[in-house]
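**Student:** Attaching a single structure in structure tokens format; questions to follow.
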Amino acid sequence: MKAMILAAGKGTRVRPITHTIPKPLIPILQKPVMEFLLELLRKHGFDEIVVNVSHLAHEIEDYFRDGQRFGVQIAYSFEGRIVDGQLVGEALGSAGGMRKIQDFYPFFDDTFVVLCGDALIDLDLSAALKWHKEKGSIATIVTKPVPREQVPSYGVVVTDETGRVKSFQEKPSVEEALSTNINTGIYIFEPEVLNYIPSGQEYDIGSQLFPKLVEKEAAFYAVPMDFEWVDIGKVPDYWHAIRSVLLGEIKNVRIPGKEVAPGIYTGLNVAVNWDKVDITGPVYIGGMTHIEDGAKIIGPTMIGHSCWICSGATVDNSVIFEYSRLGAGVRLVDKLVFGRYCVDKTGASIDVQAAALDWLITDTRRIPPSQEPAERQAIAELLGSEG
């Protein structure tokens, strides 16, 4: 069976991570989020997959290649062009990307699935597919019920008693919401749906295709399903996803490495004197990371591979990407460290290099300063504030 993964977006709401990593490659404990999607698709018999790419397309293509090592076949539909020798992404929108593939050569010749490339899901796709076929639907949205107080964060799908889609509400207030079933970005389509999408232009599934299907009174349904779904739409979502995995709340994601103590997992060759550090799980520490004596780590925390945590540093409820060096006495609470950026859980970031703080947080591949500035302690306390 055939599927499409939407992977052409720039991921602007997940910056600074997406400056250098496309959203589908954002790691969930060392494993790209899109890899989990491939495993799900393969499990349910979807083994022919086209991925539309644009922003940092080569990164996605270089990692997944033809899909052979993941047990599937993958082809890529690039959206953009070359300008002055550089690839420039020009995404066509989720529906426009589908139409481009079909216009190239009719790939979608039977029921197919479309998934967003930036969500962790554990869904019974086979059950959703069965429901879709029984309804005789041309398009089906997989929705998920959420508590009413969470509705303002999502797009809401309103249906009649048979499940037929009647309307949509984009992030309605609690009082205005006509439903608590939200759009998860998981769709099942028949090839006929492509007749509703214009060729050669930017076109969106949610804001353009779906309203057109409602207007034309097409056989368009939504099936509510209760399943694990973590959308990595913004930096706080990513921070929440890592926490959820470490706390065991996402069942289909295994914590990698070896459990060296209850709730403490490590990759290969981690340099640490366990009796001289204070570590409280759940914590994952990547391979070839050095934790100096006197460091304190409080879970849920992920520390990537090849990091260096200096003596007296505290890492509390945080996510530290690979090759990060945290200076002596640094206190990080509810933070994400990615390259030259330190981001709090709301998404606000500090460029430590531009702010001349790279003696405080830097790359382990750089030579550390021989003498730290006098203001180190004051700025460390500011950076580690819990506000």
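All residue names refer to the structure tokens as shown: chains lettered A, B, ... in order, residues numbered from 1 in each chain, ligands numbered from 1 in order.
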Got a sec: who's within 7 Å of region 304-306 of chain A, counting only C-alpha atoms, leaving out chain neighbours fewer than 2 positions off, as an MDAnalysis selection string?
**Tutor:** chainID A and resid 285:289 302 308 320:323
**Student:** Could you go through region 25-215 of chain A and tell me which residues DSSP, when run on the backbone, assigns to strand (DSSP E or B), listing them as an MDAnalysis selection string?
**Tutor:** chainID A and resid 27:28 31:32 48:53 73:78 80:83 86:89 112:116 119:122 139:145 155:159 164:170 181:189
**Student:** Please return, as a PyMOL selection string, all residues of region 19-166 of chain A that DSSP assigns to helix (DSSP H, G or I) on the basis of the backbone.
**Tutor:** chain A and resi 19+23-25+33-43+57-64+68-70+93-104+125-135+148-153
**Student:** Excluding Phe168 (chain A) and residues on its chain fewer than 6 positions from it, collect all residues at most 10 Å away from it, counting only C-alpha atoms, and give them as a list in words.
**Tutor:**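 Selected residues are Gly155, Val156, Val157, Val158, Thr159, Ala177, Leu178, Ser179, Ile182, Asn183, Gly206, Ser207, Phe210, Pro211 and Val214 of chain A.
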**Student:** Quick one, how far is CA of Asn317 (chain A) from CA of Ile303 (chain A)?
**Tutor:**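 About the pair CA of Asn317 (chain A) and CA of Ile303 (chain A): they are 10.6 Å apart.
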